[in-house]
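Chemist: Take this structure first; my questions come after.
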Amino acid sequence: MPTIVLCCLVQALVRTKRVAELVELTLAGTDSQKANAAVDLRDIAQRSADNQIAIAEAGGIKPLVMLCRDGTERQKYVAAGALREIASKNADNQGAIAWAGGIKPLVVLCRDGTERQKENAAGALRELAYKHAKNKEAINFAGGVRPLIVLCRDGTARQKEHAAGALQALAAWPGNSDNQKEINRAGGIKPLIALCRDGTARQKQNAAGALREIASKNVENQIAIARAGGIEPLVALSRDGNELQKENAVSALLELASDRPWIKAAIVWAGATEPLLRMAQSFDVALSGQKEKALGTLRHLAGTTDTTKALEWASTQL
């Protein structure tokens with residue numbers, strides 16, 4: 001057997017043994033041992049997808065859910081962080097956490113927990129909702145949308161970042177229609193616009209992404225975003241933001257420009273044509289996503305006299 005294969009097998013055996021020991025501690029250890037084991041499981045899950053799988057196969061999900069629900073304050077905080085890492089971009093683990101009853105305790109922590117519990121719970125809900133239609137439905141059914149909106153509006157910097165990301169994941173296709181409506185109905189649009197305008201770099205990125213998903217194929221939400229003042233911050237991000245902010249912002253503008261002529265005109269009046277044309281004329285392969293979205297937005301906009309005049313003017317300034 002080649003040495004490298006043997007080394008990998010040994011490492012896998014050591015990892016499996018260590019994970020099993022930690023899972024046992026989350027079940028039968030002292031309060032301190034349970035919390036420390038949850039921290040170690042979180043750190044192990046961060047390192048690789050194989051580690052995420054190993055924790056789930058060792059039965060680590062259910063005791064972490066139990067700690068989120070019934071643990072001490074520290075146990076709840078670290079267990080929510082561990083579930084966040086175990087769920088990250090792993091559809092099987094996302095489903096397993098929901099099956100083990102993990103969604104409701106995380107929603108409760110988002111609503112009623114300490115500051116650090118809220119932060120980790122919002123991050124965990126974001127990971128559980130990511131591209132998982134059943135979990136999105138379950139989070140909404142468990143009352144998860146409103147606490148996330150409260151965190152977007154009133155939370156700490158990290159809470160706002162995670163909550164905006166969670167709302168983005170909840171509103172994204174597939175399984176998004178009811179969540180889009182609920183986010184609007186529960187007052188989520190204005191806090192997201194505020195983050196687009198005044199937030200940190202990551203808050204702006206996540207909030208612009210959330211507005212994009214909330215607006216997608218939903219005319220009522222498109223109108224609500226425009227009336228709440230969402231166009232100008234999105235145009236500003238498309239012009240002055242970092243590359244991820246620009247891509248999310250121009251994608252949001254693409255959705256907003258898809259239906260109502262007055263929204264299209266408002267996008268033009270807000271000064272979108274010049275940054276959109278710059279993106280559309282870019283030859284940078286790394287920015288092909290921006291270019292595609294900018295071209296799509298310009299096609300939507302090119303239908304009214306005001307828009308055509310603005311496009312002609314902007315093209316002369318480049």
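Identifiers in the structure tokens: chain A, B, ... in order shown; residue index from 1 per chain; ligand index from 1 in order shown.
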As a PyMOL selection string, please: all residues of region 73-208 of chain A that backbone DSSP puts in alpha helix (DSSP H).

Modeler: chain A and resi 73-87+91-99+103-112+115-129+133-141+145-154+157-171+177-185+189-198+201-208

Chemist: Write out as a list in words the residues lying within 7 Å of Glu119 (chain A), counting only C-alpha atoms and excluding same-chain residues fewer than 3 positions away.

Modeler: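 The contact residues come out as Glu115, Arg116, Ala122, Gly123, Arg158, Gln159 and His162 of chain A.
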
Chemist: Name the residues in contact with Leu256 (chain A) at a cut-off of 10 Å, using only C-alpha atoms, excluding same-chain residues fewer than 4 positions from it; report them as a PyMOL selection string.

Modeler: chain A and resi 211-212+215-219+221-223+225-226+230-231+250-252+260+263-264+267+297+300

Chemist: List the spatial neighbours of region 43-60 of chain A as a ChimeraX atom specification - criterion: any atom at most 6 Å away, only C-alpha atoms, same-chain residues fewer than 4 positions off excluded.

Modeler: /A:20,23,85-86

Chemist: Write to file, as a PDB file, in the first residue's frame, the residues of the selection just made, with C-alpha atoms.

Modeler:
ATOM      1  CA  ALA A  20     -16.544   9.878  18.555  1.00  0.00           C
ATOM      2  CA  VAL A  23     -19.700  13.378  20.610  1.00  0.00           C
ATOM      3  CA  GLU A  85     -20.253  24.823  10.572  1.00  0.00           C
ATOM      4  CA  ILE A  86     -21.637  21.295  10.240  1.00  0.00           C
TER       5      ILE A  86
END

Chemist: Have a look at CA of Ala265 (chain A) and CA of Ile193 (chain A) and let me know their distance in Å, one decimal.

Modeler: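 Those two atoms sit 19.3 Å apart.
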
Chemist: Which polymer residues have any atom within 9 Å of an atom of Glu137 (chain A), counting only C-alpha atoms, with same-chain residues fewer than 6 positions away left out, as a ChimeraX atom specification?

Modeler: /A:129,170,175-176,178-179

Chemist: Nearest to Pro191 (chain A) among A:Ala171, A:Gly165, A:Cys152, A:Val78, with distances taken over only C-alpha atoms: which residue is it?

Modeler: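 Among A:Ala171, A:Gly165, A:Cys152, A:Val78, it is A:Cys152 that comes nearest to Pro191 (chain A).
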
Chemist: Excluding Lys190 (chain A) and any residue of its chain fewer than 5 positions from it, enumerate the residues within 12 Å of it, using only C-alpha atoms, and give them as a JSON list (two decimals) with all heavy atoms, in the first residue's frame.

Modeler:
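Below is the file around03.json, written as the result:
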[["chain", "number", "residue", "atom", "x", "y", "z"],
["A", 149, "ILE", "N", -35.25, 39.77, 10.88],
["A", 149, "ILE", "CA", -35.46, 41.16, 10.50],
["A", 149, "ILE", "C", -35.11, 42.09, 11.65],
["A", 149, "ILE", "O", -34.48, 43.14, 11.46],
["A", 149, "ILE", "CB", -36.91, 41.38, 10.03],
["A", 149, "ILE", "CG1", -37.14, 40.67, 8.69],
["A", 149, "ILE", "CG2", -37.24, 42.87, 9.92],
["A", 149, "ILE", "CD1", -38.59, 40.63, 8.25],
["A", 150, "VAL", "N", -35.49, 41.69, 12.88],
["A", 150, "VAL", "CA", -35.15, 42.49, 14.06],
["A", 150, "VAL", "C", -33.62, 42.61, 14.18],
["A", 150, "VAL", "O", -33.10, 43.69, 14.48],
["A", 150, "VAL", "CB", -35.76, 41.87, 15.33],
["A", 150, "VAL", "CG1", -35.21, 42.56, 16.58],
["A", 150, "VAL", "CG2", -37.28, 41.98, 15.30],
["A", 152, "CYS", "N", -31.46, 42.41, 11.74],
["A", 152, "CYS", "CA", -31.01, 43.30, 10.65],
["A", 152, "CYS", "C", -31.15, 44.77, 11.04],
["A", 152, "CYS", "O", -30.33, 45.61, 10.68],
["A", 152, "CYS", "CB", -31.83, 43.05, 9.38],
["A", 152, "CYS", "SG", -31.21, 41.74, 8.35],
["A", 153, "ARG", "N", -32.19, 45.06, 11.78],
["A", 153, "ARG", "CA", -32.47, 46.45, 12.15],
["A", 153, "ARG", "C", -31.72, 46.88, 13.41],
["A", 153, "ARG", "O", -31.15, 47.97, 13.45],
["A", 153, "ARG", "CB", -33.98, 46.61, 12.37],
["A", 153, "ARG", "CG", -34.43, 48.05, 12.61],
["A", 153, "ARG", "CD", -35.91, 48.11, 12.90],
["A", 153, "ARG", "NE", -36.23, 47.44, 14.16],
["A", 153, "ARG", "CZ", -37.18, 46.50, 14.28],
["A", 153, "ARG", "NH1", -37.89, 46.12, 13.24],
["A", 153, "ARG", "NH2", -37.41, 45.93, 15.45],
["A", 164, "ALA", "N", -28.82, 39.33, 7.53],
["A", 164, "ALA", "CA", -29.04, 39.70, 6.12],
["A", 164, "ALA", "C", -28.71, 38.52, 5.21],
["A", 164, "ALA", "O", -29.42, 38.25, 4.23],
["A", 164, "ALA", "CB", -28.18, 40.91, 5.76],
["A", 183, "ILE", "N", -41.07, 38.24, 4.19],
["A", 183, "ILE", "CA", -40.05, 39.25, 4.49],
["A", 183, "ILE", "C", -40.60, 40.64, 4.24],
["A", 183, "ILE", "O", -40.38, 41.56, 5.04],
["A", 183, "ILE", "CB", -38.78, 38.99, 3.66],
["A", 183, "ILE", "CG1", -38.10, 37.69, 4.13],
["A", 183, "ILE", "CG2", -37.80, 40.16, 3.79],
["A", 183, "ILE", "CD1", -37.00, 37.20, 3.20],
["A", 184, "ASN", "N", -41.34, 40.82, 3.16],
["A", 184, "ASN", "CA", -41.96, 42.12, 2.88],
["A", 184, "ASN", "C", -43.03, 42.43, 3.93],
["A", 184, "ASN", "O", -43.03, 43.51, 4.53],
["A", 184, "ASN", "CB", -42.57, 42.10, 1.48],
["A", 184, "ASN", "CG", -43.15, 43.45, 1.07],
["A", 184, "ASN", "OD1", -43.07, 44.43, 1.81],
["A", 184, "ASN", "ND2", -43.75, 43.50, -0.11],
["A", 185, "ARG", "N", -43.89, 41.46, 4.19],
["A", 185, "ARG", "CA", -45.00, 41.66, 5.13],
["A", 185, "ARG", "C", -44.49, 41.99, 6.53],
["A", 185, "ARG", "O", -45.09, 42.79, 7.26],
["A", 185, "ARG", "CB", -45.87, 40.41, 5.14],
["A", 185, "ARG", "CG", -47.13, 40.51, 5.96],
["A", 185, "ARG", "CD", -48.13, 39.41, 5.60],
["A", 185, "ARG", "NE", -47.51, 38.11, 5.54],
["A", 185, "ARG", "CZ", -47.54, 37.32, 4.47],
["A", 185, "ARG", "NH1", -48.15, 37.70, 3.36],
["A", 185, "ARG", "NH2", -46.96, 36.12, 4.48],
["A", 195, "LEU", "N", -29.01, 48.81, 5.45],
["A", 195, "LEU", "CA", -27.71, 48.15, 5.44],
["A", 195, "LEU", "C", -26.99, 48.37, 4.11],
["A", 195, "LEU", "O", -25.77, 48.54, 4.08],
["A", 195, "LEU", "CB", -27.86, 46.66, 5.70],
["A", 195, "LEU", "CG", -28.29, 46.25, 7.11],
["A", 195, "LEU", "CD1", -28.40, 44.73, 7.22],
["A", 195, "LEU", "CD2", -27.32, 46.78, 8.16],
["A", 196, "CYS", "N", -27.73, 48.37, 3.01],
["A", 196, "CYS", "CA", -27.13, 48.65, 1.70],
["A", 196, "CYS", "C", -26.49, 50.04, 1.69],
["A", 196, "CYS", "O", -25.45, 50.26, 1.08],
["A", 196, "CYS", "CB", -28.19, 48.60, 0.61],
["A", 196, "CYS", "SG", -28.42, 47.00, -0.11],
["A", 197, "ARG", "N", -27.12, 50.95, 2.37],
["A", 197, "ARG", "CA", -26.67, 52.35, 2.36],
["A", 197, "ARG", "C", -25.56, 52.60, 3.38],
["A", 197, "ARG", "O", -24.56, 53.25, 3.08],
["A", 197, "ARG", "CB", -27.86, 53.26, 2.64],
["A", 197, "ARG", "CG", -27.54, 54.76, 2.53],
["A", 197, "ARG", "CD", -28.78, 55.60, 2.81],
["A", 197, "ARG", "NE", -29.31, 55.33, 4.14],
["A", 197, "ARG", "CZ", -30.50, 54.78, 4.38],
["A", 197, "ARG", "NH1", -31.31, 54.47, 3.39],
["A", 197, "ARG", "NH2", -30.91, 54.57, 5.63],
["A", 207, "ALA", "N", -26.97, 42.40, 2.16],
["A", 207, "ALA", "CA", -28.26, 43.10, 2.04],
["A", 207, "ALA", "C", -28.63, 43.29, 0.57],
["A", 207, "ALA", "O", -29.80, 43.11, 0.20],
["A", 207, "ALA", "CB", -28.19, 44.44, 2.75],
["A", 208, "ALA", "N", -27.66, 43.63, -0.26],
["A", 208, "ALA", "CA", -27.95, 43.77, -1.70],
["A", 208, "ALA", "C", -28.37, 42.42, -2.28],
["A", 208, "ALA", "O", -29.30, 42.33, -3.10],
["A", 208, "ALA", "CB", -26.72, 44.31, -2.44],
["A", 210, "ALA", "N", -29.84, 40.05, -0.59],
["A", 210, "ALA", "CA", -31.19, 39.77, -0.08],
["A", 210, "ALA", "C", -32.24, 40.54, -0.88],
["A", 210, "ALA", "O", -33.29, 39.98, -1.24],
["A", 210, "ALA", "CB", -31.28, 40.14, 1.40],
["A", 211, "LEU", "N", -31.99, 41.80, -1.18],
["A", 211, "LEU", "CA", -32.95, 42.58, -1.97],
["A", 211, "LEU", "C", -33.11, 41.98, -3.37],
["A", 211, "LEU", "O", -34.21, 41.97, -3.92],
["A", 211, "LEU", "CB", -32.49, 44.04, -2.05],
["A", 211, "LEU", "CG", -32.59, 44.83, -0.75],
["A", 211, "LEU", "CD1", -31.97, 46.22, -0.91],
["A", 211, "LEU", "CD2", -34.04, 44.94, -0.27],
["A", 221, "ASN", "N", -43.00, 43.07, -4.46],
["A", 221, "ASN", "CA", -41.78, 43.38, -3.72],
["A", 221, "ASN", "C", -40.90, 44.37, -4.47],
["A", 221, "ASN", "O", -40.24, 45.22, -3.86],
["A", 221, "ASN", "CB", -40.99, 42.10, -3.43],
["A", 221, "ASN", "CG", -41.63, 41.27, -2.34],
["A", 221, "ASN", "OD1", -42.65, 41.65, -1.77],
["A", 221, "ASN", "ND2", -41.03, 40.13, -2.05],
["A", 224, "ALA", "N", -42.32, 47.64, -3.66],
["A", 224, "ALA", "CA", -42.05, 48.01, -2.27],
["A", 224, "ALA", "C", -40.60, 48.47, -2.09],
["A", 224, "ALA", "O", -40.34, 49.45, -1.36],
["A", 224, "ALA", "CB", -42.32, 46.81, -1.36],
["A", 225, "ILE", "N", -39.66, 47.81, -2.74],
["A", 225, "ILE", "CA", -38.25, 48.20, -2.65],
["A", 225, "ILE", "C", -38.04, 49.59, -3.25],
["A", 225, "ILE", "O", -37.36, 50.44, -2.67],
["A", 225, "ILE", "CB", -37.35, 47.16, -3.33],
["A", 225, "ILE", "CG1", -37.36, 45.85, -2.53],
["A", 225, "ILE", "CG2", -35.91, 47.68, -3.48],
["A", 225, "ILE", "CD1", -36.74, 44.67, -3.26],
["A", 226, "ALA", "N", -38.64, 49.82, -4.42],
["A", 226, "ALA", "CA", -38.48, 51.13, -5.06],
["A", 226, "ALA", "C", -39.11, 52.23, -4.21],
["A", 226, "ALA", "O", -38.50, 53.29, -4.00],
["A", 226, "ALA", "CB", -39.13, 51.10, -6.45],
["A", 227, "ARG", "N", -40.29, 52.00, -3.67],
["A", 227, "ARG", "CA", -40.98, 53.02, -2.87],
["A", 227, "ARG", "C", -40.28, 53.27, -1.53],
["A", 227, "ARG", "O", -40.37, 54.37, -0.98],
["A", 227, "ARG", "CB", -42.43, 52.61, -2.64],
["A", 227, "ARG", "CG", -43.30, 52.76, -3.89],
["A", 227, "ARG", "CD", -44.72, 52.33, -3.65],
["A", 227, "ARG", "NE", -45.57, 52.65, -4.80],
["A", 227, "ARG", "CZ", -46.79, 52.19, -5.00],
["A", 227, "ARG", "NH1", -47.34, 51.37, -4.09],
["A", 227, "ARG", "NH2", -47.49, 52.52, -6.06],
["A", 228, "ALA", "N", -39.56, 52.26, -1.04],
["A", 228, "ALA", "CA", -38.85, 52.42, 0.24],
["A", 228, "ALA", "C", -37.48, 53.09, 0.08],
["A", 228, "ALA", "O", -36.76, 53.25, 1.06],
["A", 228, "ALA", "CB", -38.68, 51.06, 0.91],
["A", 229, "GLY", "N", -37.14, 53.46, -1.15],
["A", 229, "GLY", "CA", -35.87, 54.15, -1.37],
["A", 229, "GLY", "C", -34.70, 53.23, -1.65],
["A", 229, "GLY", "O", -33.54, 53.62, -1.43],
["A", 230, "GLY", "N", -34.98, 52.04, -2.17],
["A", 230, "GLY", "CA", -33.91, 51.07, -2.38],
["A", 230, "GLY", "C", -33.08, 51.28, -3.62],
["A", 230, "GLY", "O", -31.97, 50.73, -3.72],
["A", 231, "ILE", "N", -33.56, 52.06, -4.56],
["A", 231, "ILE", "CA", -32.85, 52.18, -5.84],
["A", 231, "ILE", "C", -31.53, 52.93, -5.68],
["A", 231, "ILE", "O", -30.48, 52.47, -6.16],
["A", 231, "ILE", "CB", -33.75, 52.83, -6.90],
["A", 231, "ILE", "CG1", -34.88, 51.87, -7.29],
["A", 231, "ILE", "CG2", -32.94, 53.23, -8.13],
["A", 231, "ILE", "CD1", -35.92, 52.46, -8.19],
["A", 233, "PRO", "N", -29.38, 53.46, -3.08],
["A", 233, "PRO", "CA", -28.26, 52.72, -2.49],
["A", 233, "PRO", "C", -27.73, 51.61, -3.39],
["A", 233, "PRO", "O", -26.53, 51.35, -3.41],
["A", 233, "PRO", "CB", -28.85, 52.15, -1.20],
["A", 233, "PRO", "CG", -30.06, 52.96, -0.91],
["A", 233, "PRO", "CD", -30.57, 53.43, -2.22]]

Chemist: Please measure the separation of CA of Ala91 (chain A) and CA of Leu109 (chain A), giving the value in Å to one decimal.

Modeler: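 Going from CA of Ala91 (chain A) over to CA of Leu109 (chain A), I get 22.5 Å.
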
Chemist: Quick check, in Å to one decimal: how far apart do CA of Ala124 (chain A) and CA of Gln290 (chain A) lie?

Modeler: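 The value is 28.7 Å.
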
Chemist: Which neighbours of Ser238 (chain A) fall inside 10 Å, counting only C-alpha atoms, when residues of the same chain fewer than 4 positions from it are skipped, and could you give them as a ChimeraX atom specification?

Modeler: /A:232-234,242-253,272,274-276,279,290,294

Chemist: May I ask which of the residues A:Asn135, A:Gln75, A:Ser288, A:Asn36 is the closest one to Trp99 (chain A), counting only C-alpha atoms?

Modeler: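 So, comparing all the options, the nearest one is A:Asn135.
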